>>> print(open('protein29.cif').read())   # mmCIF, C-alpha atoms
data_start
loop_
_atom_site.group_PDB
_atom_site.id
_atom_site.type_symbol
_atom_site.label_atom_id
_atom_site.label_comp_id
_atom_site.auth_asym_id
_atom_site.auth_seq_id
_atom_site.Cartn_x
_atom_site.Cartn_y
_atom_site.Cartn_z
ATOM 1 C CA MET A 1 0.000 0.000 0.000
ATOM 2 C CA VAL A 2 1.128 3.546 -0.752
ATOM 3 C CA GLN A 3 -0.071 6.006 1.844
ATOM 4 C CA ASN A 4 0.092 9.761 1.942
ATOM 5 C CA PRO A 5 -0.891 10.638 5.537
ATOM 6 C CA GLY A 6 -0.616 14.176 6.831
ATOM 7 C CA SER A 7 -0.189 15.844 3.456
ATOM 8 C CA VAL A 8 -1.971 19.015 2.452
ATOM 9 C CA SER A 9 -4.212 19.160 -0.572
ATOM 10 C CA PRO A 10 -4.326 22.074 -3.003
ATOM 11 C CA GLY A 11 -5.918 25.035 -1.266
ATOM 12 C CA GLY A 12 -4.249 24.217 2.068
ATOM 13 C CA ARG A 13 -6.888 21.778 3.352
ATOM 14 C CA PRO A 14 -5.656 18.559 4.949
ATOM 15 C CA ALA A 15 -5.621 15.905 2.261
ATOM 16 C CA PRO A 16 -7.558 12.740 2.913
ATOM 17 C CA GLU A 17 -5.421 9.721 3.604
ATOM 18 C CA VAL A 18 -4.890 7.992 0.300
ATOM 19 C CA SER A 19 -4.256 4.314 0.066
ATOM 20 C CA VAL A 20 -3.510 2.942 -3.380
ATOM 21 C CA GLN A 21 -3.099 -0.766 -3.979
ATOM 22 C CA THR A 22 0.074 -1.302 -5.981
ATOM 23 C CA MET A 23 -0.304 -4.832 -7.388
ATOM 24 C CA PRO A 24 -2.428 -6.644 -8.353
ATOM 25 C CA ILE A 25 -5.093 -4.106 -9.181
ATOM 26 C CA SER A 26 -8.384 -4.300 -10.998
ATOM 27 C CA VAL A 27 -8.662 -1.622 -13.669
ATOM 28 C CA HIS A 28 -11.937 -0.070 -14.691
ATOM 29 C CA ALA A 29 -10.423 3.016 -16.315
ATOM 30 C CA VAL A 30 -10.003 2.051 -19.945
ATOM 31 C CA ALA A 31 -9.982 3.719 -23.326
ATOM 32 C CA MET A 32 -13.423 4.159 -24.771
ATOM 33 C CA SER A 33 -14.807 5.758 -27.909
ATOM 34 C CA ALA A 34 -17.582 8.310 -27.715
ATOM 35 C CA THR A 35 -20.283 5.692 -28.215
ATOM 36 C CA GLN A 36 -18.738 2.426 -27.034
ATOM 37 C CA GLY A 37 -20.352 1.197 -23.836
ATOM 38 C CA ILE A 38 -21.885 4.456 -22.650
ATOM 39 C CA THR A 39 -25.368 3.953 -21.261
ATOM 40 C CA ASP A 40 -27.864 6.109 -19.403
ATOM 41 C CA GLU A 41 -26.326 4.779 -16.163
ATOM 42 C CA VAL A 42 -22.984 6.466 -16.832
ATOM 43 C CA THR A 43 -22.501 10.172 -16.119
ATOM 44 C CA VAL A 44 -20.412 11.909 -18.772
ATOM 45 C CA VAL A 45 -18.323 14.662 -17.207
ATOM 46 C CA TYR A 46 -16.070 17.104 -19.051
ATOM 47 C CA THR A 47 -12.956 18.459 -17.327
ATOM 48 C CA ASP A 48 -10.280 21.067 -18.027
ATOM 49 C CA GLY A 49 -7.466 22.939 -16.372
ATOM 50 C CA ALA A 50 -5.949 26.318 -17.178
ATOM 51 C CA CYS A 51 -2.964 28.335 -16.060
ATOM 52 C CA ARG A 52 -2.008 31.986 -16.595
ATOM 53 C CA GLY A 53 1.712 31.400 -16.913
ATOM 54 C CA ASN A 54 3.124 27.978 -16.223
ATOM 55 C CA PRO A 55 3.603 28.060 -13.307
ATOM 56 C CA GLY A 56 1.218 30.815 -12.337
ATOM 57 C CA PRO A 57 -2.363 31.357 -11.224
ATOM 58 C CA GLY A 58 -4.431 28.375 -12.297
ATOM 59 C CA GLY A 59 -7.966 27.101 -12.424
ATOM 60 C CA TRP A 60 -9.887 23.906 -13.006
ATOM 61 C CA GLY A 61 -13.439 23.219 -14.128
ATOM 62 C CA TRP A 62 -15.777 20.308 -14.687
ATOM 63 C CA ALA A 63 -19.326 20.002 -15.964
ATOM 64 C CA VAL A 64 -21.995 17.436 -16.727
ATOM 65 C CA ASP A 65 -23.907 18.074 -19.930
ATOM 66 C CA GLY A 66 -27.450 19.045 -19.053
ATOM 67 C CA GLY A 67 -28.547 18.419 -22.632
ATOM 68 C CA ARG A 68 -29.129 22.071 -23.338
ATOM 69 C CA SER A 69 -28.103 23.731 -26.564
ATOM 70 C CA GLY A 70 -26.716 26.742 -24.690
ATOM 71 C CA THR A 71 -23.481 26.992 -22.771
ATOM 72 C CA HIS A 72 -24.824 26.143 -19.325
ATOM 73 C CA SER A 73 -24.615 22.862 -17.465
ATOM 74 C CA ASP A 74 -26.961 21.462 -14.854
ATOM 75 C CA VAL A 75 -24.023 20.387 -12.693
ATOM 76 C CA SER A 76 -20.551 21.939 -12.662
ATOM 77 C CA GLY A 77 -17.708 23.026 -10.440
ATOM 78 C CA SER A 78 -14.568 25.113 -10.605
ATOM 79 C CA GLY A 79 -11.774 26.390 -8.426
ATOM 80 C CA GLY A 80 -8.180 27.453 -8.552
ATOM 81 C CA GLU A 81 -4.838 28.076 -6.920
ATOM 82 C CA PRO A 82 -2.629 31.171 -6.909
ATOM 83 C CA HIS A 83 0.582 29.331 -7.918
ATOM 84 C CA THR A 84 0.348 26.066 -9.836
ATOM 85 C CA THR A 85 0.860 24.435 -13.235
ATOM 86 C CA ASN A 86 -1.499 23.552 -16.048
ATOM 87 C CA GLN A 87 -0.916 19.825 -15.544
ATOM 88 C CA ARG A 88 -1.826 20.067 -11.853
ATOM 89 C CA MET A 89 -5.061 21.856 -12.765
ATOM 90 C CA GLU A 90 -5.916 19.216 -15.398
ATOM 91 C CA ILE A 91 -5.580 16.475 -12.759
ATOM 92 C CA MET A 92 -7.421 18.505 -10.110
ATOM 93 C CA ALA A 93 -10.390 19.009 -12.442
ATOM 94 C CA VAL A 94 -10.866 15.235 -12.680
ATOM 95 C CA VAL A 95 -10.327 14.745 -8.935
ATOM 96 C CA GLU A 96 -12.994 17.317 -8.089
ATOM 97 C CA ALA A 97 -15.421 15.935 -10.680
ATOM 98 C CA LEU A 98 -15.080 12.397 -9.322
ATOM 99 C CA ARG A 99 -15.504 13.673 -5.765
ATOM 100 C CA SER A 100 -18.718 15.412 -6.800
ATOM 101 C CA VAL A 101 -20.375 12.915 -9.148
ATOM 102 C CA GLU A 102 -21.522 9.547 -7.831
ATOM 103 C CA GLY A 103 -21.649 6.269 -9.702
ATOM 104 C CA ALA A 104 -20.070 5.290 -12.992
ATOM 105 C CA VAL A 105 -18.379 8.201 -14.774
ATOM 106 C CA HIS A 106 -17.028 8.716 -18.279
ATOM 107 C CA VAL A 107 -14.450 11.546 -18.155
ATOM 108 C CA VAL A 108 -13.921 13.588 -21.328
ATOM 109 C CA SER A 109 -10.757 15.704 -21.238
ATOM 110 C CA ASP A 110 -8.499 17.550 -23.653
ATOM 111 C CA SER A 111 -5.518 16.586 -21.495
ATOM 112 C CA THR A 112 -3.481 13.805 -23.067
ATOM 113 C CA TYR A 113 -1.516 13.809 -19.778
ATOM 114 C CA VAL A 114 -4.599 12.670 -17.859
ATOM 115 C CA VAL A 115 -6.242 10.496 -20.513
ATOM 116 C CA ASN A 116 -3.079 8.640 -21.539
ATOM 117 C CA CYS A 117 -2.236 7.878 -17.926
ATOM 118 C CA PHE A 118 -5.271 5.588 -17.963
ATOM 119 C CA ARG A 119 -5.472 4.590 -21.626
ATOM 120 C CA GLN A 120 -1.806 3.603 -21.761
ATOM 121 C CA LYS A 121 -1.725 2.457 -18.124
ATOM 122 C CA TRP A 122 1.162 4.742 -17.148
ATOM 123 C CA TRP A 123 -0.078 4.441 -13.573
ATOM 124 C CA ALA A 124 0.718 0.722 -13.451
ATOM 125 C CA GLY A 125 4.326 1.305 -14.490
ATOM 126 C CA TRP A 126 4.700 4.185 -12.028
ATOM 127 C CA MET A 127 3.523 2.025 -9.152
ATOM 128 C CA ARG A 128 5.588 -0.967 -10.231
ATOM 129 C CA LYS A 129 8.686 1.269 -10.426
ATOM 130 C CA GLY A 130 8.104 2.941 -7.047
ATOM 131 C CA TRP A 131 6.590 6.117 -8.503
ATOM 132 C CA ARG A 132 9.315 6.558 -11.117
ATOM 133 C CA ASN A 133 8.575 7.432 -14.739
ATOM 134 C CA SER A 134 10.039 5.757 -17.832
ATOM 135 C CA GLN A 135 13.187 7.922 -17.498
ATOM 136 C CA GLY A 136 13.665 6.781 -13.880
ATOM 137 C CA LYS A 137 12.730 10.203 -12.470
ATOM 138 C CA PRO A 138 10.123 10.766 -9.750
ATOM 139 C CA VAL A 139 6.598 11.078 -11.165
ATOM 140 C CA ALA A 140 5.496 14.711 -11.194
ATOM 141 C CA ASN A 141 2.341 15.612 -9.279
ATOM 142 C CA ARG A 142 2.320 12.381 -7.304
ATOM 143 C CA ASP A 143 0.149 13.927 -4.579
ATOM 144 C CA LEU A 144 -2.662 14.613 -7.061
ATOM 145 C CA TRP A 145 -2.215 11.342 -8.946
ATOM 146 C CA GLU A 146 -2.651 9.453 -5.673
ATOM 147 C CA MET A 147 -5.927 11.281 -5.022
ATOM 148 C CA LEU A 148 -7.088 10.588 -8.586
ATOM 149 C CA PHE A 149 -6.122 6.898 -8.476
ATOM 150 C CA ALA A 150 -8.044 6.437 -5.224
ATOM 151 C CA LEU A 151 -11.149 7.731 -7.012
ATOM 152 C CA ALA A 152 -10.680 6.372 -10.557
ATOM 153 C CA LEU A 153 -9.289 2.921 -9.804
ATOM 154 C CA ASP A 154 -11.875 2.064 -7.157
ATOM 155 C CA GLY A 155 -13.102 -1.454 -7.867
ATOM 156 C CA ASP A 156 -16.634 -0.479 -6.813
ATOM 157 C CA ARG A 157 -16.925 2.279 -9.408
ATOM 158 C CA ARG A 158 -16.427 2.289 -13.168
ATOM 159 C CA VAL A 159 -14.483 5.283 -14.492
ATOM 160 C CA THR A 160 -13.499 5.570 -18.160
ATOM 161 C CA PHE A 161 -11.574 8.247 -20.040
ATOM 162 C CA GLU A 162 -11.829 9.814 -23.476
ATOM 163 C CA TRP A 163 -9.743 12.502 -25.168
ATOM 164 C CA VAL A 164 -11.331 15.429 -26.985
ATOM 165 C CA LYS A 165 -9.392 17.993 -28.972
ATOM 166 C CA GLY A 166 -9.317 21.301 -27.114
ATOM 167 C CA HIS A 167 -10.499 24.544 -28.707
ATOM 168 C CA SER A 168 -12.186 22.619 -31.513
ATOM 169 C CA GLY A 169 -15.746 23.807 -31.035
ATOM 170 C CA ASP A 170 -16.918 21.039 -28.695
ATOM 171 C CA ARG A 171 -19.594 22.840 -26.661
ATOM 172 C CA MET A 172 -18.876 21.113 -23.354
ATOM 173 C CA ASN A 173 -15.096 21.306 -23.700
ATOM 174 C CA ASP A 174 -15.466 25.023 -24.402
ATOM 175 C CA LEU A 175 -17.628 25.379 -21.279
ATOM 176 C CA VAL A 176 -15.126 23.701 -18.940
ATOM 177 C CA ASP A 177 -12.296 25.673 -20.553
ATOM 178 C CA GLN A 178 -14.237 28.848 -19.721
ATOM 179 C CA LEU A 179 -14.826 27.683 -16.135
ATOM 180 C CA ALA A 180 -11.114 26.890 -15.663
ATOM 181 C CA THR A 181 -9.949 30.130 -17.299
ATOM 182 C CA GLU A 182 -12.316 32.242 -15.187
ATOM 183 C CA ALA A 183 -11.196 30.453 -12.013
ATOM 184 C CA ALA A 184 -7.542 31.121 -12.920
ATOM 185 C CA ALA A 185 -8.313 34.802 -13.482
ATOM 186 C CA LEU A 186 -9.753 35.067 -9.950
ATOM 187 C CA GLN A 187 -6.522 33.871 -8.327
#
>>> encode(input="protein29.cif", output="structure tokens")
Amino acid sequence: MVQNPGSVSPGGRPAPEVSVQTMPISVHAVAMSATQGITDEVTVVYTDGACRGNPGPGGWGWAVDGGRSGTHSDVSGSGGEPHTTNQRMEIMAVVEALRSVEGAVHVVSDSTYVVNCFRQKWWAGWMRKGWRNSQGKPVANRDLWEMLFALALDGDRRVTFEWVKGHSGDRMNDLVDQLATEAAALQ
């Protein structure tokens, strides 16, 4: 077990104790096309992170499509930090979405960093190598990855990931980009 007791989460709040099983592990976060396997029982949530400078003031946003043709969502969230990186905000957006949405979730993100971690199972190699990346260096943002793995790799909950091209006119991706950008501007 990998534990992270006593750490502080983004925003200065005490982080919950995270316990991540290293091996063997059951994976429910897999690559999925836009139509493959999505049913009415799965909540589709869009996520994004933004940073004004990198590092600099950053924001994250997530939203569930309410089915409207406008730019509003029935359920959404956003927040930020005064000094962070874009990658940290991309991860935090997914963490906060999974904390807020119950049940099976299909995450749609324009972050290849987040999506490929699950699609290409980077996480398994990181854990097997003691939180080292393919170059043998410590994995960046381990504190946030541990929070995300505790939520996304939970055997009682199905979480899948899909990549969407950013700034390509996808209504929901544009919405979460706006939420993240506005949150970064408030920092």
>>> residues_around(input="protein29.cif", residues="Met92 (chain A)", least_positions_apart="5", cutoff="9 Å", atoms="all atoms listed in the file", output="number ranges by chain")
A: 10, 48-49, 59-61, 87, 97, 144-145, 147-148
>>> write_last_selection(input="protein29.cif", atoms="C-alpha atoms", output="compact mmCIF listing (two decimals), in the frame of the given file")
# COMPACT_ATOMS: atom_id res chain seq x y z
CA PRO A 10 -4.33 22.07 -3.00
CA ASP A 48 -10.28 21.07 -18.03
CA GLY A 49 -7.47 22.94 -16.37
CA GLY A 59 -7.97 27.10 -12.42
CA TRP A 60 -9.89 23.91 -13.01
CA GLY A 61 -13.44 23.22 -14.13
CA GLN A 87 -0.92 19.82 -15.54
CA ALA A 97 -15.42 15.94 -10.68
CA LEU A 144 -2.66 14.61 -7.06
CA TRP A 145 -2.22 11.34 -8.95
CA MET A 147 -5.93 11.28 -5.02
CA LEU A 148 -7.09 10.59 -8.59
>>> closest_residue(input="protein29.cif", among="A:Ala184, A:Tyr113, A:Ala93, A:Thr43", to="Pro55 (chain A)", atoms="all atoms listed in the file")
A:Ala184
>>> atom_distance(input="protein29.cif", atom1="CA of Asn116 (chain A)", atom2="CA of Ile91 (chain A)")
12.0 Å
>>> closest_residue(input="protein29.cif", among="A:Met89, A:Val108, A:Val75, A:Val94", to="Glu162 (chain A)", atoms="all atoms listed in the file")
A:Val108
>>> residues_around(input="protein29.cif", residues="Arg99 (chain A)", least_positions_apart="2", cutoff="12 Å", atoms="all atoms listed in the file", output="PDB file with C-alpha atoms, in the frame of the given file")
ATOM      1  CA  PRO A  16      -7.558  12.740   2.913  1.00  0.00           C
ATOM      2  CA  VAL A  45     -18.323  14.662 -17.207  1.00  0.00           C
ATOM      3  CA  TRP A  62     -15.777  20.308 -14.687  1.00  0.00           C
ATOM      4  CA  SER A  76     -20.551  21.939 -12.662  1.00  0.00           C
ATOM      5  CA  GLY A  77     -17.708  23.026 -10.440  1.00  0.00           C
ATOM      6  CA  MET A  92      -7.421  18.505 -10.110  1.00  0.00           C
ATOM      7  CA  ALA A  93     -10.390  19.009 -12.442  1.00  0.00           C
ATOM      8  CA  VAL A  94     -10.866  15.235 -12.680  1.00  0.00           C
ATOM      9  CA  VAL A  95     -10.327  14.745  -8.935  1.00  0.00           C
ATOM     10  CA  GLU A  96     -12.994  17.317  -8.089  1.00  0.00           C
ATOM     11  CA  ALA A  97     -15.421  15.935 -10.680  1.00  0.00           C
ATOM     12  CA  VAL A 101     -20.375  12.915  -9.148  1.00  0.00           C
ATOM     13  CA  GLU A 102     -21.522   9.547  -7.831  1.00  0.00           C
ATOM     14  CA  GLY A 103     -21.649   6.269  -9.702  1.00  0.00           C
ATOM     15  CA  ALA A 104     -20.070   5.290 -12.992  1.00  0.00           C
ATOM     16  CA  VAL A 105     -18.379   8.201 -14.774  1.00  0.00           C
ATOM     17  CA  MET A 147      -5.927  11.281  -5.022  1.00  0.00           C
ATOM     18  CA  LEU A 148      -7.088  10.588  -8.586  1.00  0.00           C
ATOM     19  CA  PHE A 149      -6.122   6.898  -8.476  1.00  0.00           C
ATOM     20  CA  ALA A 150      -8.044   6.437  -5.224  1.00  0.00           C
ATOM     21  CA  LEU A 151     -11.149   7.731  -7.012  1.00  0.00           C
ATOM     22  CA  ALA A 152     -10.680   6.372 -10.557  1.00  0.00           C
TER      23      ALA A 152
END
>>> atom_distance(input="protein29.cif", atom1="CA of Gln187 (chain A)", atom2="CA of Val44 (chain A)")
28.0 Å
>>> resolve_selection(input="protein29.cif", expression="the PyMOL selection byres ((chain A and resi 111) around 8)", output="PyMOL selection string")
chain A and resi 48+90+109-110+112-115+163
>>> closest_residue(input="protein29.cif", among="A:Glu81, A:Asp65, A:Asp154, A:Asp143", to="Leu98 (chain A)", atoms="all atoms listed in the file")
A:Asp154
>>> atom_distance(input="protein29.cif", atom1="CA of Arg52 (chain A)", atom2="CA of Phe161 (chain A)")
25.8 Å
